[in-house]
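Colleague: Sharing target_16.cif here; it has mmCIF, N, CA and C atoms.
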data_protein
#
loop_
_atom_site.label_atom_id
_atom_site.label_comp_id
_atom_site.auth_asym_id
_atom_site.auth_seq_id
_atom_site.Cartn_x
_atom_site.Cartn_y
_atom_site.Cartn_z
N MET W 1 8.26 31.77 0.03
CA MET W 1 8.40 30.84 1.14
C MET W 1 8.01 31.53 2.45
N ASP W 2 7.41 30.77 3.33
CA ASP W 2 7.14 31.32 4.65
C ASP W 2 8.42 31.26 5.48
N ALA W 3 8.52 32.10 6.47
CA ALA W 3 9.76 32.21 7.26
C ALA W 3 10.16 30.89 7.93
N PRO W 4 9.25 30.17 8.60
CA PRO W 4 9.69 28.91 9.22
C PRO W 4 10.19 27.89 8.20
N GLY W 5 9.50 27.75 7.06
CA GLY W 5 9.92 26.82 6.02
C GLY W 5 11.24 27.24 5.40
N GLU W 6 11.39 28.54 5.19
CA GLU W 6 12.64 29.05 4.62
C GLU W 6 13.80 28.82 5.57
N GLU W 7 13.59 29.06 6.85
CA GLU W 7 14.67 28.86 7.83
C GLU W 7 15.03 27.38 7.94
N ARG W 8 14.05 26.53 7.85
CA ARG W 8 14.31 25.08 7.89
C ARG W 8 15.15 24.67 6.67
N TRP W 9 14.79 25.20 5.49
CA TRP W 9 15.53 24.89 4.27
C TRP W 9 16.96 25.41 4.36
N LEU W 10 17.12 26.65 4.83
CA LEU W 10 18.47 27.22 4.97
C LEU W 10 19.28 26.47 6.01
N GLY W 11 18.66 26.05 7.09
CA GLY W 11 19.36 25.26 8.10
C GLY W 11 19.85 23.93 7.53
N THR W 12 19.03 23.31 6.71
CA THR W 12 19.43 22.06 6.06
C THR W 12 20.60 22.30 5.11
N LEU W 13 20.53 23.39 4.35
CA LEU W 13 21.62 23.72 3.43
C LEU W 13 22.92 23.98 4.19
N ARG W 14 22.85 24.73 5.28
CA ARG W 14 24.05 25.00 6.10
C ARG W 14 24.62 23.71 6.67
N GLY W 15 23.75 22.81 7.14
CA GLY W 15 24.21 21.54 7.69
C GLY W 15 24.90 20.69 6.63
N HIS W 16 24.31 20.62 5.44
CA HIS W 16 24.93 19.86 4.35
C HIS W 16 26.28 20.48 3.98
N ALA W 17 26.33 21.80 3.93
CA ALA W 17 27.59 22.48 3.59
C ALA W 17 28.67 22.15 4.61
N ALA W 18 28.32 22.15 5.88
CA ALA W 18 29.30 21.87 6.93
C ALA W 18 29.78 20.42 6.86
N ARG W 19 28.87 19.49 6.61
CA ARG W 19 29.28 18.08 6.51
C ARG W 19 30.14 17.85 5.27
N LEU W 20 29.87 18.58 4.20
CA LEU W 20 30.68 18.47 2.99
C LEU W 20 32.07 19.08 3.22
N ALA W 21 32.13 20.22 3.89
CA ALA W 21 33.41 20.90 4.14
C ALA W 21 34.24 20.19 5.20
N PHE W 22 33.57 19.59 6.18
CA PHE W 22 34.27 18.96 7.31
C PHE W 22 33.73 17.55 7.53
N PRO W 23 34.11 16.61 6.68
CA PRO W 23 33.55 15.26 6.78
C PRO W 23 33.83 14.57 8.12
N GLU W 24 34.86 15.01 8.83
CA GLU W 24 35.18 14.39 10.12
C GLU W 24 34.32 14.94 11.25
N TRP W 25 33.56 16.02 10.99
CA TRP W 25 32.75 16.67 12.01
C TRP W 25 31.47 15.88 12.26
N ALA W 26 31.18 15.64 13.53
CA ALA W 26 29.91 15.04 13.94
C ALA W 26 29.16 16.09 14.75
N PRO W 27 27.99 16.51 14.29
CA PRO W 27 27.26 17.58 14.99
C PRO W 27 26.97 17.24 16.44
N GLY W 28 27.23 18.21 17.30
CA GLY W 28 26.91 18.08 18.72
C GLY W 28 25.70 18.93 19.06
N PRO W 29 25.15 18.77 20.26
CA PRO W 29 23.94 19.50 20.63
C PRO W 29 24.12 21.02 20.71
N ASP W 30 25.35 21.48 20.92
CA ASP W 30 25.60 22.92 21.03
C ASP W 30 26.23 23.49 19.77
N ASP W 31 26.30 22.69 18.69
CA ASP W 31 26.92 23.14 17.44
C ASP W 31 25.90 23.85 16.56
N TRP W 32 26.37 24.84 15.84
CA TRP W 32 25.56 25.49 14.82
C TRP W 32 26.47 25.88 13.67
N THR W 33 25.88 26.00 12.49
CA THR W 33 26.66 26.20 11.27
C THR W 33 26.36 27.55 10.65
N ASP W 34 27.32 28.03 9.88
CA ASP W 34 27.16 29.29 9.16
C ASP W 34 27.68 29.11 7.74
N LEU W 35 26.97 29.66 6.79
CA LEU W 35 27.34 29.62 5.38
C LEU W 35 27.21 31.03 4.84
N PHE W 36 28.30 31.57 4.31
CA PHE W 36 28.30 32.95 3.81
C PHE W 36 28.96 32.98 2.44
N THR W 37 28.33 33.65 1.51
CA THR W 37 28.91 33.86 0.19
C THR W 37 28.98 35.35 -0.07
N GLY W 38 30.13 35.81 -0.56
CA GLY W 38 30.31 37.22 -0.85
C GLY W 38 31.30 37.41 -1.98
N PHE W 39 31.75 38.63 -2.13
CA PHE W 39 32.69 38.99 -3.18
C PHE W 39 33.86 39.76 -2.57
N THR W 40 35.06 39.48 -3.07
CA THR W 40 36.23 40.23 -2.64
C THR W 40 36.17 41.63 -3.23
N ASP W 41 37.08 42.50 -2.82
CA ASP W 41 37.14 43.86 -3.38
C ASP W 41 37.39 43.82 -4.89
N ALA W 42 38.05 42.78 -5.35
CA ALA W 42 38.32 42.63 -6.79
C ALA W 42 37.12 42.03 -7.54
N GLY W 43 36.08 41.66 -6.82
CA GLY W 43 34.88 41.13 -7.46
C GLY W 43 34.84 39.62 -7.60
N ALA W 44 35.80 38.91 -7.00
CA ALA W 44 35.83 37.45 -7.08
C ALA W 44 34.91 36.86 -6.01
N PRO W 45 34.08 35.89 -6.36
CA PRO W 45 33.20 35.28 -5.36
C PRO W 45 33.95 34.33 -4.44
N TYR W 46 33.42 34.18 -3.24
CA TYR W 46 33.96 33.21 -2.28
C TYR W 46 32.84 32.76 -1.37
N THR W 47 33.02 31.60 -0.77
CA THR W 47 32.07 31.07 0.21
C THR W 47 32.85 30.63 1.43
N GLU W 48 32.33 30.99 2.60
CA GLU W 48 32.90 30.57 3.87
C GLU W 48 31.92 29.62 4.55
N VAL W 49 32.45 28.53 5.07
CA VAL W 49 31.66 27.57 5.83
C VAL W 49 32.30 27.50 7.22
N SER W 50 31.47 27.67 8.25
CA SER W 50 31.98 27.62 9.62
C SER W 50 31.07 26.77 10.48
N VAL W 51 31.68 26.17 11.50
CA VAL W 51 30.93 25.44 12.53
C VAL W 51 31.34 26.05 13.86
N TYR W 52 30.33 26.35 14.66
CA TYR W 52 30.55 26.91 15.99
C TYR W 52 30.02 25.95 17.04
N ARG W 53 30.69 25.92 18.15
CA ARG W 53 30.21 25.22 19.34
C ARG W 53 30.01 26.30 20.38
N ASP W 54 28.75 26.49 20.74
CA ASP W 54 28.36 27.66 21.53
C ASP W 54 28.82 28.90 20.77
N HIS W 55 29.81 29.64 21.30
CA HIS W 55 30.29 30.85 20.62
C HIS W 55 31.69 30.69 20.06
N ASP W 56 32.24 29.49 20.11
CA ASP W 56 33.61 29.24 19.63
C ASP W 56 33.58 28.61 18.25
N ARG W 57 34.30 29.20 17.32
CA ARG W 57 34.39 28.62 15.98
C ARG W 57 35.34 27.44 16.04
N ILE W 58 34.85 26.25 15.68
CA ILE W 58 35.68 25.04 15.76
C ILE W 58 36.14 24.57 14.38
N HIS W 59 35.48 25.02 13.32
CA HIS W 59 35.90 24.70 11.94
C HIS W 59 35.62 25.92 11.07
N HIS W 60 36.50 26.14 10.10
CA HIS W 60 36.30 27.26 9.17
C HIS W 60 37.03 26.94 7.88
N ARG W 61 36.35 27.17 6.76
CA ARG W 61 36.98 26.93 5.46
C ARG W 61 36.44 27.95 4.47
N VAL W 62 37.33 28.43 3.59
CA VAL W 62 36.96 29.39 2.55
C VAL W 62 37.21 28.73 1.20
N TYR W 63 36.21 28.82 0.33
CA TYR W 63 36.30 28.29 -1.03
C TYR W 63 36.38 29.45 -2.02
N ARG W 64 37.31 29.31 -2.99
CA ARG W 64 37.48 30.31 -4.04
C ARG W 64 37.76 29.60 -5.36
N GLY W 65 37.56 30.31 -6.46
CA GLY W 65 37.94 29.80 -7.78
C GLY W 65 37.26 28.48 -8.12
N GLY W 66 38.04 27.57 -8.72
CA GLY W 66 37.52 26.28 -9.12
C GLY W 66 37.03 25.46 -7.95
N GLU W 67 37.66 25.61 -6.80
CA GLU W 67 37.23 24.90 -5.59
C GLU W 67 35.82 25.36 -5.19
N LEU W 68 35.54 26.64 -5.38
CA LEU W 68 34.22 27.19 -5.07
C LEU W 68 33.16 26.56 -5.97
N THR W 69 33.44 26.50 -7.26
CA THR W 69 32.50 25.91 -8.21
C THR W 69 32.24 24.44 -7.88
N ALA W 70 33.30 23.70 -7.59
CA ALA W 70 33.16 22.28 -7.26
C ALA W 70 32.36 22.10 -5.96
N PHE W 71 32.61 22.94 -4.96
CA PHE W 71 31.90 22.87 -3.69
C PHE W 71 30.40 23.05 -3.90
N TRP W 72 30.01 24.12 -4.62
CA TRP W 72 28.59 24.40 -4.82
C TRP W 72 27.93 23.33 -5.68
N SER W 73 28.63 22.80 -6.66
CA SER W 73 28.07 21.72 -7.48
C SER W 73 27.78 20.49 -6.63
N ARG W 74 28.73 20.11 -5.79
CA ARG W 74 28.54 18.95 -4.91
C ARG W 74 27.44 19.21 -3.88
N LEU W 75 27.43 20.42 -3.33
CA LEU W 75 26.43 20.76 -2.33
C LEU W 75 25.01 20.71 -2.91
N LEU W 76 24.81 21.32 -4.06
CA LEU W 76 23.48 21.31 -4.65
C LEU W 76 23.06 19.93 -5.12
N ASP W 77 24.00 19.14 -5.60
CA ASP W 77 23.68 17.75 -5.95
C ASP W 77 23.24 16.98 -4.72
N GLU W 78 23.94 17.18 -3.60
CA GLU W 78 23.63 16.46 -2.36
C GLU W 78 22.26 16.89 -1.82
N VAL W 79 21.99 18.18 -1.83
CA VAL W 79 20.72 18.68 -1.29
C VAL W 79 19.54 18.21 -2.15
N ALA W 80 19.77 18.09 -3.46
CA ALA W 80 18.70 17.67 -4.36
C ALA W 80 18.32 16.20 -4.18
N GLU W 81 19.23 15.41 -3.63
CA GLU W 81 18.94 13.97 -3.46
C GLU W 81 17.98 13.76 -2.39
#
If you took the structure in this file and wrote it as structure tokens, what would it be?

Modeller:
Amino acid sequence: MDAPGEERWLGTLRGHAARLAFPEWAPGPDDWTDLFTGFTDAGAPYTEVSVYRDHDRIHHRVYRGGELTAFWSRLLDEVAE
């Protein structure tokens, strides 16, 4: 993928993740989203979804275990549509 196309795709994925995690959130002109997936020290995966307004985090959610699997399944289904 070229960088502009890849960034556009990742931006779309982050936006979908934020709307899925925070259905009450309506994007504002100064809002931006973050999506991070990592592993705990014990090796368990997790995903964090955050929404920032300027530099202030206004929403944050962490998914683990079965909730993590359900989140990614719903997110990928939504993005594929």

Colleague: So which residues get picked by the PyMOL selection byres (((chain W and resi 65 and name CA) around 8) and name CA) here, written as a PyMOL selection string?

Modeller: chain W and resi 44-46+63-64+66-69

Colleague: Quick one: DSSP alpha helix (DSSP H) residues in chain W, as a ChimeraX atom specification?

Modeller: /W:3-21,65-80

Colleague: Draw an axis-aligned box tight on the listed atoms of segment 40-53 of chain W, then pad every side by 8 Å and write out centre and edge lengths in Å to one decimal as JSON.

Modeller:
{"center_x": 34.2, "center_y": 34.5, "center_z": 6.4, "size_x": 24.3, "size_y": 34.6, "size_z": 44.0}

Colleague: At a cut-off of 8 Å around the point (37.1, 26.8, 9.0) (file coordinates), what residues fall inside when counting only N, CA and C atoms? I'd like the answer as an mmCIF file with N, CA and C atoms, in the frame of the given file.

Modeller:
data_model
loop_
_atom_site.group_PDB
_atom_site.id
_atom_site.type_symbol
_atom_site.label_atom_id
_atom_site.label_comp_id
_atom_site.auth_asym_id
_atom_site.auth_seq_id
_atom_site.Cartn_x
_atom_site.Cartn_y
_atom_site.Cartn_z
ATOM 1 N N GLU W 48 32.330 30.990 2.600
ATOM 2 C CA GLU W 48 32.900 30.570 3.870
ATOM 3 C C GLU W 48 31.920 29.620 4.550
ATOM 4 N N VAL W 49 32.450 28.530 5.070
ATOM 5 C CA VAL W 49 31.660 27.570 5.830
ATOM 6 C C VAL W 49 32.300 27.500 7.220
ATOM 7 N N SER W 50 31.470 27.670 8.250
ATOM 8 C CA SER W 50 31.980 27.620 9.620
ATOM 9 C C SER W 50 31.070 26.770 10.480
ATOM 10 N N VAL W 51 31.680 26.170 11.500
ATOM 11 C CA VAL W 51 30.930 25.440 12.530
ATOM 12 C C VAL W 51 31.340 26.050 13.860
ATOM 13 N N ARG W 57 34.300 29.200 17.320
ATOM 14 C CA ARG W 57 34.390 28.620 15.980
ATOM 15 C C ARG W 57 35.340 27.440 16.040
ATOM 16 N N ILE W 58 34.850 26.250 15.680
ATOM 17 C CA ILE W 58 35.680 25.040 15.760
ATOM 18 C C ILE W 58 36.140 24.570 14.380
ATOM 19 N N HIS W 59 35.480 25.020 13.320
ATOM 20 C CA HIS W 59 35.900 24.700 11.940
ATOM 21 C C HIS W 59 35.620 25.920 11.070
ATOM 22 N N HIS W 60 36.500 26.140 10.100
ATOM 23 C CA HIS W 60 36.300 27.260 9.170
ATOM 24 C C HIS W 60 37.030 26.940 7.880
ATOM 25 N N ARG W 61 36.350 27.170 6.760
ATOM 26 C CA ARG W 61 36.980 26.930 5.460
ATOM 27 C C ARG W 61 36.440 27.950 4.470
ATOM 28 N N VAL W 62 37.330 28.430 3.590
ATOM 29 C CA VAL W 62 36.960 29.390 2.550
ATOM 30 C C VAL W 62 37.210 28.730 1.200
#

Colleague: Which of these, W:Leu75, W:Tyr52, W:Gly5, W:Ala42, has the shortest distance to Leu20 of chain W once you count only C-alpha atoms?

Modeller: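 Answer, going by the shortest atom-to-atom distance: W:Leu75.
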
Colleague: In Å to one decimal, how far is atom CA of His55 of chain W from atom C of Leu35 of chain W?

Modeller: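 Those two atoms sit 16.1 Å apart.
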
Colleague: Work out how far atom N of Gly15 of chain W is from atom C of Pro29 of chain W, in Å to one decimal.

Modeller: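 So the two atoms, atom C of Pro29 of chain W and atom N of Gly15 of chain W, lie 13.7 Å apart.
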
Colleague: With only C-alpha atoms as the atoms that count, which of W:Pro4, W:Ala70, W:Arg53, W:Asp34 lies nearest to Ala17 of chain W?

Modeller: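 The answer is W:Asp34, which sits nearest to Ala17 of chain W.
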